[in-house]
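Asks: My structure file model15.cif, mmCIF, C-alpha atoms, is below:
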```cif
data_protein
loop_
_atom_site.label_atom_id
_atom_site.label_comp_id
_atom_site.auth_asym_id
_atom_site.auth_seq_id
_atom_site.Cartn_x
_atom_site.Cartn_y
_atom_site.Cartn_z
CA MET A 11 133.84 -42.24 -6.14
CA SER A 12 135.97 -39.60 -7.84
CA ILE A 13 135.47 -35.90 -8.40
CA ILE A 14 136.14 -34.46 -11.84
CA THR A 15 136.89 -30.79 -12.37
CA THR A 16 138.28 -28.78 -15.25
CA SER A 17 140.63 -25.85 -15.72
CA PRO A 18 141.46 -24.01 -18.95
CA ARG A 19 143.69 -26.82 -20.17
CA TYR A 20 143.36 -29.71 -17.78
CA THR A 21 140.79 -32.10 -16.39
CA PHE A 22 141.49 -33.39 -12.90
CA ASN A 23 140.06 -36.51 -11.30
CA VAL A 24 140.59 -36.51 -7.54
CA PRO A 25 139.03 -38.71 -4.88
CA LYS A 26 136.23 -37.42 -2.76
CA LEU A 27 137.53 -35.45 0.16
CA LYS A 28 137.78 -36.03 3.92
CA ASP A 29 139.56 -39.04 5.37
CA HIS A 30 139.31 -41.02 2.14
CA PHE A 31 141.91 -38.77 0.54
CA ARG A 32 144.01 -37.97 3.60
CA ASN A 33 144.49 -41.62 4.41
CA ASN A 34 144.98 -42.71 0.80
CA PRO A 35 147.14 -40.13 -0.97
CA GLU A 36 147.99 -42.71 -3.60
CA LYS A 37 144.39 -42.41 -4.84
CA PHE A 38 145.02 -38.95 -6.19
CA SER A 39 144.29 -40.50 -9.51
CA GLN A 40 144.17 -38.67 -12.81
CA PHE A 41 145.12 -35.57 -14.65
CA GLN A 42 144.14 -35.08 -18.26
CA VAL A 43 146.51 -32.53 -19.66
CA ASN A 44 145.76 -30.51 -22.75
CA PRO A 45 149.15 -29.01 -23.39
CA PHE A 46 149.07 -25.78 -24.41
CA GLN A 47 148.95 -22.66 -25.72
CA PHE A 48 149.08 -19.10 -23.88
CA HIS A 49 151.28 -15.79 -22.98
CA PHE A 50 152.16 -12.10 -23.00
CA CYS A 51 155.47 -10.23 -22.47
CA ARG A 52 156.40 -7.31 -20.26
CA SER A 53 158.18 -4.13 -21.25
CA GLN A 54 161.30 -5.10 -19.40
CA SER A 55 163.49 -8.15 -19.95
CA HIS A 56 164.44 -10.67 -17.31
CA LYS A 57 166.44 -13.87 -17.24
CA ILE A 58 164.98 -17.24 -16.40
CA CYS A 59 167.01 -20.38 -15.95
CA SER A 60 165.64 -23.79 -16.70
CA LYS A 61 167.16 -27.03 -15.47
CA ASN A 62 166.97 -30.00 -17.77
CA ASN A 63 169.14 -33.05 -17.27
CA ASN A 64 171.83 -31.06 -15.43
CA LEU A 65 171.91 -28.38 -18.12
CA VAL A 66 170.96 -24.80 -17.34
CA TYR A 67 169.24 -22.86 -20.13
CA PRO A 68 169.32 -19.07 -19.80
CA ILE A 69 166.11 -17.60 -21.19
CA THR A 70 165.45 -13.96 -21.92
CA ALA A 71 161.74 -13.27 -21.64
CA SER A 72 160.22 -10.08 -23.01
CA ASN A 73 156.78 -9.16 -21.67
CA SER A 74 155.45 -6.75 -24.25
CA SER A 75 153.21 -6.99 -27.27
CA THR A 76 155.06 -4.09 -28.85
CA THR A 77 157.39 -4.47 -31.81
CA ILE A 78 160.78 -5.90 -30.85
CA VAL A 79 162.47 -5.09 -34.16
CA GLU A 80 161.42 -1.57 -35.05
CA GLN A 81 162.21 -1.42 -38.76
CA SER A 82 160.13 -3.29 -41.33
CA PRO A 83 161.87 -6.42 -42.64
CA LYS A 84 163.57 -5.93 -45.98
CA ASN A 85 163.30 -8.05 -49.10
CA GLN A 86 160.12 -9.87 -48.04
CA LEU A 87 158.79 -10.09 -51.58
CA PHE A 88 156.42 -12.95 -50.76
CA ARG A 89 153.93 -10.49 -49.24
CA SER A 90 153.16 -9.10 -52.69
CA LYS A 91 152.56 -12.54 -54.23
CA ASN A 92 149.31 -14.32 -54.87
CA PRO A 93 148.73 -16.83 -52.02
CA LYS A 94 149.00 -19.76 -54.44
CA ASP A 95 152.60 -18.72 -55.10
CA ILE A 96 153.52 -18.48 -51.39
CA ASN A 97 155.09 -21.64 -50.00
CA VAL A 98 154.06 -22.20 -46.38
CA LEU A 99 155.69 -24.99 -44.39
CA ILE A 100 153.64 -26.08 -41.37
CA VAL A 101 154.95 -28.35 -38.61
CA GLY A 102 152.67 -29.84 -35.99
CA SER A 103 150.16 -30.21 -38.81
CA THR A 104 148.35 -33.23 -37.37
CA GLY A 105 148.01 -31.78 -33.88
CA TYR A 106 144.76 -30.54 -32.43
CA ILE A 107 145.23 -26.94 -33.62
CA GLY A 108 147.54 -27.79 -36.53
CA LYS A 109 144.76 -29.57 -38.43
CA PHE A 110 142.59 -26.46 -38.27
CA VAL A 111 145.49 -24.27 -39.41
CA VAL A 112 146.20 -26.51 -42.42
CA LYS A 113 142.53 -26.34 -43.37
CA GLU A 114 142.53 -22.53 -43.10
CA LEU A 115 145.76 -22.16 -45.10
CA VAL A 116 144.36 -24.36 -47.86
CA LYS A 117 141.07 -22.46 -47.79
CA ARG A 118 142.93 -19.19 -48.38
CA GLY A 119 144.82 -20.61 -51.34
CA PHE A 120 148.38 -20.94 -50.02
CA ASN A 121 150.73 -23.62 -51.29
CA VAL A 122 150.85 -25.68 -48.11
CA ILE A 123 153.62 -28.15 -47.29
CA ALA A 124 152.57 -30.05 -44.15
CA VAL A 125 155.15 -32.04 -42.21
CA ALA A 126 153.71 -35.07 -40.44
CA ARG A 127 154.86 -38.22 -38.68
CA GLU A 128 154.31 -41.52 -40.48
CA LYS A 129 152.21 -42.52 -37.47
CA SER A 130 150.26 -39.48 -36.33
CA GLY A 131 147.37 -38.73 -34.04
CA ILE A 132 146.75 -39.96 -30.51
CA ARG A 133 149.38 -42.60 -29.76
CA GLY A 134 150.13 -42.94 -33.47
CA ARG A 135 146.67 -44.24 -34.34
CA TYR A 136 146.74 -42.87 -37.91
CA GLY A 137 148.85 -44.17 -40.77
CA LYS A 138 149.88 -42.34 -43.92
CA GLU A 139 146.59 -42.75 -45.76
CA GLU A 140 144.53 -41.37 -42.88
CA THR A 141 146.93 -38.46 -42.49
CA LEU A 142 146.78 -37.62 -46.19
CA SER A 143 143.01 -37.61 -45.95
CA GLN A 144 142.99 -35.37 -42.86
CA LEU A 145 145.34 -32.87 -44.51
CA ASN A 146 143.46 -32.77 -47.79
CA GLY A 147 144.63 -29.94 -50.03
CA ALA A 148 148.12 -29.80 -48.55
CA LYS A 149 151.27 -31.49 -49.81
CA VAL A 150 152.28 -33.86 -47.01
CA CYS A 151 155.94 -34.55 -46.30
CA PHE A 152 156.46 -37.37 -43.79
CA SER A 153 159.38 -36.69 -41.50
CA ASP A 154 160.62 -36.60 -37.91
CA VAL A 155 160.87 -32.98 -36.77
CA THR A 156 162.98 -33.94 -33.77
CA ASN A 157 165.85 -34.83 -36.14
CA LEU A 158 167.12 -31.85 -38.15
CA ASP A 159 169.09 -33.90 -40.68
CA ASP A 160 166.08 -36.15 -41.27
CA LEU A 161 163.79 -33.15 -41.71
CA GLU A 162 166.06 -31.39 -44.20
CA ARG A 163 166.72 -34.56 -46.17
CA ASN A 164 163.04 -35.42 -46.43
CA LEU A 165 162.15 -31.91 -47.59
CA VAL A 166 164.77 -32.19 -50.33
CA ASN A 167 163.56 -35.64 -51.36
CA PHE A 168 160.00 -34.33 -51.35
CA GLY A 169 161.00 -31.79 -53.98
CA VAL A 170 160.86 -28.64 -51.84
CA ASP A 171 163.13 -25.99 -53.35
CA SER A 172 161.97 -22.89 -51.47
CA ILE A 173 159.92 -21.87 -48.43
CA ASP A 174 158.56 -18.41 -47.75
CA VAL A 175 156.91 -18.86 -44.36
CA VAL A 176 157.11 -21.44 -41.56
CA VAL A 177 154.13 -21.96 -39.26
CA SER A 178 154.81 -24.00 -36.13
CA CYS A 179 151.93 -25.59 -34.22
CA LEU A 180 154.24 -27.98 -32.38
CA ALA A 181 153.49 -28.61 -28.71
CA SER A 182 154.60 -31.16 -26.15
CA ARG A 183 152.32 -34.16 -26.04
CA ASN A 184 152.01 -34.27 -22.26
CA GLY A 185 154.01 -31.46 -20.65
CA GLY A 186 156.60 -33.86 -19.24
CA ILE A 187 160.11 -32.50 -18.72
CA LYS A 188 161.97 -34.33 -21.49
CA ASP A 189 159.10 -34.13 -23.95
CA SER A 190 158.74 -30.38 -23.37
CA TRP A 191 162.36 -29.67 -24.24
CA LEU A 192 162.33 -32.13 -27.13
CA ILE A 193 159.23 -30.65 -28.80
CA ASP A 194 158.64 -27.11 -27.52
CA TYR A 195 162.30 -26.18 -27.93
CA GLU A 196 164.40 -28.59 -30.01
CA ALA A 197 161.86 -29.68 -32.65
CA THR A 198 160.53 -26.15 -33.00
CA LYS A 199 164.07 -24.86 -33.47
CA ASN A 200 164.66 -27.55 -36.09
CA SER A 201 161.70 -26.21 -38.05
CA LEU A 202 163.23 -22.73 -37.94
CA LEU A 203 166.66 -23.94 -39.06
CA ALA A 204 165.21 -26.07 -41.85
CA GLY A 205 162.93 -23.28 -42.98
CA ARG A 206 165.80 -20.80 -43.08
CA LYS A 207 167.89 -23.23 -45.12
CA PHE A 208 165.12 -23.21 -47.74
CA GLY A 209 164.83 -19.42 -47.70
CA ALA A 210 162.02 -18.76 -45.20
CA VAL A 211 161.83 -15.09 -44.15
CA HIS A 212 158.85 -15.21 -41.80
CA PHE A 213 158.01 -17.53 -38.88
CA VAL A 214 154.60 -17.79 -37.21
CA LEU A 215 154.83 -19.48 -33.81
CA LEU A 216 151.89 -20.88 -31.88
CA SER A 217 152.97 -20.39 -28.28
CA ALA A 218 150.92 -20.07 -25.08
CA ILE A 219 149.67 -17.18 -22.94
CA CYS A 220 150.72 -19.02 -19.79
CA VAL A 221 154.44 -18.52 -20.50
CA GLN A 222 154.12 -14.99 -19.13
CA LYS A 223 154.45 -16.58 -15.68
CA PRO A 224 156.89 -19.44 -16.34
CA LEU A 225 156.84 -21.94 -13.48
CA LEU A 226 156.74 -25.10 -15.60
CA GLN A 227 159.25 -26.80 -17.87
CA PHE A 228 157.19 -26.58 -21.06
CA GLN A 229 156.75 -22.84 -20.49
CA ARG A 230 160.50 -22.38 -20.09
CA ALA A 231 161.17 -24.42 -23.22
CA LYS A 232 158.76 -22.25 -25.20
CA LEU A 233 160.34 -19.07 -23.85
CA LYS A 234 163.82 -20.21 -24.79
CA PHE A 235 162.76 -20.71 -28.39
CA GLU A 236 160.85 -17.42 -28.44
CA ALA A 237 163.99 -15.61 -27.33
CA GLU A 238 166.07 -17.25 -30.07
CA LEU A 239 163.40 -16.44 -32.66
CA MET A 240 163.56 -12.76 -31.67
CA GLN A 241 167.36 -12.86 -31.82
CA GLU A 242 167.17 -14.21 -35.38
CA ALA A 243 165.08 -11.20 -36.39
CA GLU A 244 167.54 -8.86 -34.69
CA ARG A 245 170.43 -10.52 -36.50
CA ASP A 246 168.81 -10.52 -39.95
CA GLU A 247 166.70 -7.49 -40.86
CA GLY A 248 165.16 -9.46 -43.72
CA PHE A 249 163.60 -11.97 -41.32
CA SER A 250 160.48 -11.53 -39.18
CA TYR A 251 158.23 -13.43 -36.80
CA SER A 252 154.77 -13.40 -35.25
CA ILE A 253 154.36 -15.09 -31.85
CA VAL A 254 150.75 -16.06 -31.17
CA ARG A 255 149.82 -16.71 -27.52
CA PRO A 256 146.20 -17.85 -27.22
CA THR A 257 144.12 -18.44 -24.12
CA ALA A 258 142.06 -21.54 -23.29
CA PHE A 259 140.53 -23.74 -25.98
CA PHE A 260 136.88 -24.74 -25.90
CA LYS A 261 137.60 -28.46 -25.64
CA SER A 262 139.59 -28.00 -22.42
CA LEU A 263 136.49 -26.52 -20.78
CA GLY A 264 134.06 -29.19 -21.95
CA GLY A 265 135.07 -32.08 -19.70
CA GLN A 266 132.12 -31.72 -17.34
CA VAL A 267 129.34 -31.01 -19.83
CA GLU A 268 128.12 -34.57 -20.23
CA LEU A 269 128.50 -35.30 -16.51
CA VAL A 270 126.36 -32.31 -15.57
CA LYS A 271 123.86 -33.31 -18.24
CA ASP A 272 123.59 -36.70 -16.48
CA GLY A 273 122.78 -34.99 -13.19
CA LYS A 274 126.23 -34.74 -11.60
CA PRO A 275 127.32 -31.53 -9.84
CA TYR A 276 129.79 -29.13 -11.44
CA VAL A 277 133.16 -29.33 -9.67
CA MET A 278 135.55 -26.40 -9.27
CA PHE A 279 138.57 -25.45 -7.20
CA GLY A 280 138.19 -22.97 -4.36
CA ASP A 281 135.22 -20.65 -4.79
CA GLY A 282 135.28 -21.03 -8.57
CA LYS A 283 136.79 -17.57 -8.95
CA LEU A 284 140.49 -18.39 -8.63
CA CYS A 285 141.06 -17.99 -12.36
CA ALA A 286 139.40 -16.79 -15.55
CA CYS A 287 139.90 -17.05 -19.29
CA LYS A 288 138.56 -15.78 -22.60
CA PRO A 289 138.08 -19.14 -24.33
CA MET A 290 138.64 -19.42 -28.06
CA SER A 291 137.43 -21.87 -30.66
CA GLU A 292 139.92 -23.82 -32.72
CA PRO A 293 138.72 -22.41 -36.09
CA ASP A 294 138.94 -18.84 -34.76
CA LEU A 295 142.49 -19.43 -33.50
CA ALA A 296 143.47 -21.00 -36.83
CA SER A 297 142.12 -17.95 -38.62
CA PHE A 298 144.17 -15.61 -36.43
CA ILE A 299 147.32 -17.68 -36.99
CA VAL A 300 146.83 -17.59 -40.77
CA ASP A 301 146.17 -13.83 -40.59
CA SER A 302 149.69 -13.59 -39.15
CA VAL A 303 151.22 -15.04 -42.31
CA LEU A 304 150.66 -11.86 -44.32
CA ASP A 305 149.44 -9.14 -41.92
CA GLU A 306 152.25 -6.59 -41.64
CA ASN A 307 150.71 -5.23 -38.42
CA LYS A 308 151.60 -8.53 -36.77
CA ILE A 309 155.27 -8.51 -37.80
CA ASN A 310 157.82 -8.93 -34.98
CA LYS A 311 155.20 -8.91 -32.26
CA VAL A 312 154.05 -11.08 -29.41
CA LEU A 313 150.31 -11.45 -29.89
CA PRO A 314 148.20 -12.55 -26.93
CA ILE A 315 144.72 -13.43 -28.11
CA GLY A 316 141.43 -14.65 -26.66
CA GLY A 317 137.96 -15.35 -27.91
CA PRO A 318 135.00 -12.95 -28.06
CA GLY A 319 133.07 -11.79 -25.02
CA LYS A 320 133.95 -11.36 -21.37
CA ALA A 321 136.41 -13.40 -19.35
CA LEU A 322 134.73 -16.33 -17.61
CA THR A 323 135.56 -17.95 -14.27
CA PRO A 324 134.86 -21.65 -13.64
CA LEU A 325 131.87 -20.57 -11.54
CA GLU A 326 130.43 -18.60 -14.47
CA GLN A 327 131.10 -21.51 -16.85
CA GLY A 328 129.18 -23.82 -14.52
CA GLU A 329 126.29 -21.39 -14.19
CA MET A 330 126.14 -21.12 -17.99
CA LEU A 331 125.97 -24.88 -18.32
CA PHE A 332 123.13 -25.24 -15.80
CA ARG A 333 121.25 -22.43 -17.52
CA LEU A 334 121.47 -24.22 -20.87
CA LEU A 335 120.22 -27.40 -19.23
CA GLU A 336 117.50 -25.51 -17.38
CA LYS A 337 118.63 -27.15 -14.16
CA GLU A 338 119.17 -25.85 -10.64
CA PRO A 339 122.93 -25.25 -10.17
CA LYS A 340 124.77 -27.82 -8.05
CA PHE A 341 128.45 -27.23 -7.26
CA ILE A 342 131.21 -29.07 -5.41
CA LYS A 343 134.04 -26.82 -4.29
CA VAL A 344 137.39 -28.60 -3.97
CA PRO A 345 140.06 -26.96 -1.77
CA ILE A 346 143.11 -26.01 -3.83
CA GLU A 347 145.23 -27.36 -0.97
CA ILE A 348 144.52 -30.86 -2.29
CA MET A 349 146.77 -30.07 -5.21
CA ASP A 350 149.49 -28.71 -2.92
CA PHE A 351 149.44 -31.90 -0.86
CA ALA A 352 149.68 -34.12 -3.93
CA ILE A 353 152.53 -32.08 -5.39
CA GLY A 354 154.43 -32.28 -2.11
CA VAL A 355 154.11 -36.07 -2.06
CA LEU A 356 155.14 -36.42 -5.70
CA ASP A 357 158.10 -34.05 -5.31
CA PHE A 358 159.35 -36.08 -2.35
CA LEU A 359 158.94 -39.38 -4.18
CA ALA A 360 160.67 -38.00 -7.30
CA LYS A 361 163.82 -37.37 -5.23
CA VAL A 362 163.88 -41.03 -4.28
CA ILE A 363 162.54 -42.44 -7.56
CA PRO A 364 163.73 -40.22 -10.47
CA SER A 365 161.29 -41.87 -12.86
CA LEU A 366 158.51 -40.02 -11.00
CA GLU A 367 159.82 -36.57 -11.91
CA ASP A 368 157.28 -36.26 -14.72
CA ALA A 369 154.48 -37.21 -12.33
CA ALA A 370 155.59 -34.37 -10.06
CA GLU A 371 155.66 -32.03 -13.05
CA PHE A 372 152.14 -33.05 -14.03
CA GLY A 373 150.97 -32.21 -10.54
CA LYS A 374 152.50 -28.75 -10.84
CA ILE A 375 150.87 -28.30 -14.23
CA GLY A 376 147.50 -29.18 -12.76
CA ARG A 377 147.98 -26.78 -9.86
CA TYR A 378 149.00 -23.99 -12.25
CA TYR A 379 145.88 -24.24 -14.36
CA ALA A 380 143.62 -24.58 -11.34
CA ALA A 381 144.73 -21.20 -10.01
CA GLU A 382 146.26 -19.06 -12.78
CA SER A 383 144.14 -17.06 -15.21
CA MET A 384 144.66 -17.40 -18.93
CA LEU A 385 144.65 -13.64 -19.44
CA VAL A 386 147.27 -10.97 -20.06
CA LEU A 387 149.37 -10.30 -16.97
CA ASP A 388 149.48 -6.52 -16.54
CA PRO A 389 153.13 -5.58 -15.82
CA GLU A 390 152.08 -2.43 -14.00
CA THR A 391 149.71 -4.06 -11.52
CA GLY A 392 150.99 -7.63 -11.52
CA GLU A 393 147.37 -8.73 -11.95
CA TYR A 394 145.67 -10.59 -14.79
CA SER A 395 143.64 -8.23 -16.95
CA ALA A 396 140.65 -9.22 -19.06
CA ASP A 397 140.54 -5.71 -20.52
CA LYS A 398 144.11 -6.00 -21.82
CA THR A 399 143.51 -9.43 -23.35
CA PRO A 400 142.53 -8.89 -27.01
CA SER A 401 139.48 -10.67 -28.41
CA TYR A 402 139.10 -12.27 -31.83
CA GLY A 403 136.56 -14.42 -33.60
CA ARG A 404 132.85 -15.16 -33.45
CA ASP A 405 132.44 -18.54 -31.76
CA THR A 406 131.30 -18.48 -28.14
CA LEU A 407 131.70 -20.97 -25.31
CA GLU A 408 127.92 -21.04 -24.85
CA GLU A 409 127.50 -22.21 -28.46
CA PHE A 410 130.15 -24.88 -27.87
CA PHE A 411 128.44 -26.12 -24.70
CA GLN A 412 125.14 -26.31 -26.55
CA LYS A 413 126.75 -28.34 -29.33
CA VAL A 414 128.33 -30.76 -26.85
CA LEU A 415 124.99 -31.18 -25.06
CA THR A 416 123.48 -32.18 -28.39
CA GLU A 417 126.32 -34.10 -30.06
CA GLY A 418 128.67 -35.12 -27.24
CA MET A 419 132.47 -34.70 -27.00
CA ALA A 420 133.37 -37.00 -29.90
CA GLY A 421 136.55 -35.75 -31.56
CA GLN A 422 137.57 -33.71 -28.51
CA GLU A 423 139.69 -36.40 -26.83
CA LEU A 424 142.84 -35.30 -25.00
CA GLY A 425 144.53 -38.58 -25.85
CA GLU A 426 148.25 -38.53 -25.09
CA GLN A 427 147.64 -35.73 -22.62
CA THR A 428 145.98 -38.24 -20.26
CA ILE A 429 148.32 -38.98 -17.41
CA PHE A 430 148.12 -41.55 -14.57
#
```
Please express the file's structure as structure tokens.
Replies:
Amino acid sequence: MSIITTSPRYTFNVPKLKDHFRNNPEKFSQFQVNPFQFHFCRSQSHKICSKNNNLVYPITASNSSTTIVEQSPKNQLFRSKNPKDINVLIVGSTGYIGKFVVKELVKRGFNVIAVAREKSGIRGRYGKEETLSQLNGAKVCFSDVTNLDDLERNLVNFGVDSIDVVVSCLASRNGGIKDSWLIDYEATKNSLLAGRKFGAVHFVLLSAICVQKPLLQFQRAKLKFEAELMQEAERDEGFSYSIVRPTAFFKSLGGQVELVKDGKPYVMFGDGKLCACKPMSEPDLASFIVDSVLDENKINKVLPIGGPGKALTPLEQGEMLFRLLEKEPKFIKVPIEIMDFAIGVLDFLAKVIPSLEDAAEFGKIGRYYAAESMLVLDPETGEYSADKTPSYGRDTLEEFFQKVLTEGMAGQELGEQTIF
């Protein structure tokens, strides 16, 4: 028998406790990782170093939502154009959030150029025709964003002669070490370089609120690119950026809905109050990202953002679910120390078997989301603050739970984020 519990971006399957786990640590079975998106910056700068394949990456992290470049960017004539005359290049267009962003850009009338892999979706399940159908209304350029020369060449061959804005919804598929640096840093930087070559003067980055406390490789990779994006705006006063750092997504909190509906208990770490989040729907986040294309109040800012309503702990999410089902609440509380034990084992094994280093990283990712809130980290108190986490949108988690109870979780699969 296994126990399933969720955090803002991960679903964990762990064996039932007591001697069964202690005597069989290899049965610490599954993490489903939904990589990403979260963060907020402080008023002071600090250096972070990230190790990746014997290379050390210095990262300057700013923890403030205030303007980094004080003056308004010059020569950004696209802001006065009709949306149909504004060329927006979007990368990560077939990802979970990217699809919603493409739809919102098209809805608002922008000229959308969506970059996509020839085989997109979970484990490359979709071919070109399916991708073209999913991104209806956008012009789809098939290319590999991890190769800058390939990306630039394909944009030229596609007939792109100018780009006004780049929107990046790229995110590592699983949070593994190599994949994080390949996608969250290198591929995202390629989209900036390619966009600049075609004249882009504004860059909207979908980042993650969790990078405000960077303990994981994908967070450090995101921070490194954020720092370079800010440096580009400092170097060129005609260039600007908007860094969007959302909290938890609805789908990452829905893993237990159908189980509880079937009579299973709701599982949480600790007392269910270790962390909290202000969950946000995918359409609401897409709307906020597209707002950032033209909104001058979002220029050169780090923008933490959550959904409407109060911050919710796992305990409160469980209570909400039982209330909707009109059932008596039943909870299983899993000691957080289980995660610490598993991470210790995986870290030790990774030193002996290097191929297990990603497994160790996945354990750390799971531990992070089991205990850290997806809220703004107040630099003055060092505590997470629901009050300082801005809210946006209309969709509520309760409405999402009700929909899942009625329709199921179809279309909400984590796919390549399933590990072990």
Asks: Show which residues sit within 8 Å of Lys113 of chain A, as a PDB file with C-alpha atoms, in the frame of the given file. Count all atoms listed in the file, and ignore same-chain residues fewer than 3 positions away.
Replies:
```pdb
ATOM      1  CA  LYS A 109     144.760 -29.570 -38.430  1.00  0.00           C
ATOM      2  CA  PHE A 110     142.590 -26.460 -38.270  1.00  0.00           C
ATOM      3  CA  VAL A 116     144.360 -24.360 -47.860  1.00  0.00           C
ATOM      4  CA  LYS A 117     141.070 -22.460 -47.790  1.00  0.00           C
ATOM      5  CA  LEU A 145     145.340 -32.870 -44.510  1.00  0.00           C
ATOM      6  CA  ASN A 146     143.460 -32.770 -47.790  1.00  0.00           C
ATOM      7  CA  GLY A 147     144.630 -29.940 -50.030  1.00  0.00           C
TER       8      GLY A 147
END
```
Asks: For atom CA of Thr104 of chain A and atom CA of Arg183 of chain A, determine how far apart the two atoms are, in Å to one decimal place.
Replies: 12.0 Å
Asks: Quick one, how far is atom CA of Met278 of chain A from atom CA of Pro345 of chain A?
Replies: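 Here the two named atoms are 8.8 Å from each other.
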Asks: Apply the PyMOL selection byres ((chain A and resi 248-257) around 8) to the structure shown and report the selected residues as a PyMOL selection string.
Replies: chain A and resi 47-50+83-86+210-220+236+239-240+242-243+246-247+258-259+287-290+295+299+302+308-317+384-385
Asks: Tell me which residues the PyMOL selection byres ((chain A and resi 348-362) around 8) grabs here, as a PyMOL selection string.
Replies: chain A and resi 35+38+344-347+363-367+369-370+373-374+376-377
Asks: From the set A:Gly169, A:Gly119, A:Gly319, A:Gly265, which residue has the shortest atom-to-atom contact distance to Ala148 of chain A, counting all atoms listed in the file?
Replies: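 Distance minimum relative to Ala148 of chain A lands on A:Gly119.
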Asks: Quick check, in Å to one decimal: how far apart do atom CA of Lys138 of chain A and atom CA of Ser291 of chain A lie?
Replies: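 Spanning atom CA of Lys138 of chain A to atom CA of Ser291 of chain A is a straight-line distance of 27.4 Å.
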Asks: Choose the residue, out of A:Pro224, A:Pro324, A:Pro400, A:Pro275, that has the smallest atom-to-atom separation from Glu338 of chain A; count all atoms listed in the file.
Replies: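 Selected residue with least distance to Glu338 of chain A: A:Pro275.
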Asks: Please enumerate the residues selected by the PyMOL selection byres ((chain A and resi 285) around 9) when evaluated against the supplied file, formatted as number ranges by chain.
Replies: A: 17-18, 282-284, 286-287, 322-324, 379-384
Asks: Quick one: of A:Ala237, A:Ala396, A:Leu415, A:Leu87, who's nearest to Leu269 of chain A, counting only C-alpha atoms?
Replies: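 Checking each candidate against Leu269 of chain A, we get A:Leu415 as the closest.
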Asks: Can you tell me, as a VMD selection string, which residues sit within 12 Å of (149.0, -13.1, -51.9) in the file's frame, using all atoms listed in the file?
Replies: chain A and resid 87 to 98 115 118 to 121 174 301 303 to 305
Asks: Could you write out the selected residues, including C-alpha atoms, as a PDB file, keeping the file's coordinate frame?
Replies:
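What follows is the written file selection-v8.pdb:
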```pdb
ATOM      1  CA  LEU A  87     158.790 -10.090 -51.580  1.00  0.00           C
ATOM      2  CA  PHE A  88     156.420 -12.950 -50.760  1.00  0.00           C
ATOM      3  CA  ARG A  89     153.930 -10.490 -49.240  1.00  0.00           C
ATOM      4  CA  SER A  90     153.160  -9.100 -52.690  1.00  0.00           C
ATOM      5  CA  LYS A  91     152.560 -12.540 -54.230  1.00  0.00           C
ATOM      6  CA  ASN A  92     149.310 -14.320 -54.870  1.00  0.00           C
ATOM      7  CA  PRO A  93     148.730 -16.830 -52.020  1.00  0.00           C
ATOM      8  CA  LYS A  94     149.000 -19.760 -54.440  1.00  0.00           C
ATOM      9  CA  ASP A  95     152.600 -18.720 -55.100  1.00  0.00           C
ATOM     10  CA  ILE A  96     153.520 -18.480 -51.390  1.00  0.00           C
ATOM     11  CA  ASN A  97     155.090 -21.640 -50.000  1.00  0.00           C
ATOM     12  CA  VAL A  98     154.060 -22.200 -46.380  1.00  0.00           C
ATOM     13  CA  LEU A 115     145.760 -22.160 -45.100  1.00  0.00           C
ATOM     14  CA  ARG A 118     142.930 -19.190 -48.380  1.00  0.00           C
ATOM     15  CA  GLY A 119     144.820 -20.610 -51.340  1.00  0.00           C
ATOM     16  CA  PHE A 120     148.380 -20.940 -50.020  1.00  0.00           C
ATOM     17  CA  ASN A 121     150.730 -23.620 -51.290  1.00  0.00           C
ATOM     18  CA  ASP A 174     158.560 -18.410 -47.750  1.00  0.00           C
ATOM     19  CA  ASP A 301     146.170 -13.830 -40.590  1.00  0.00           C
ATOM     20  CA  VAL A 303     151.220 -15.040 -42.310  1.00  0.00           C
ATOM     21  CA  LEU A 304     150.660 -11.860 -44.320  1.00  0.00           C
ATOM     22  CA  ASP A 305     149.440  -9.140 -41.920  1.00  0.00           C
TER      23      ASP A 305
END
```
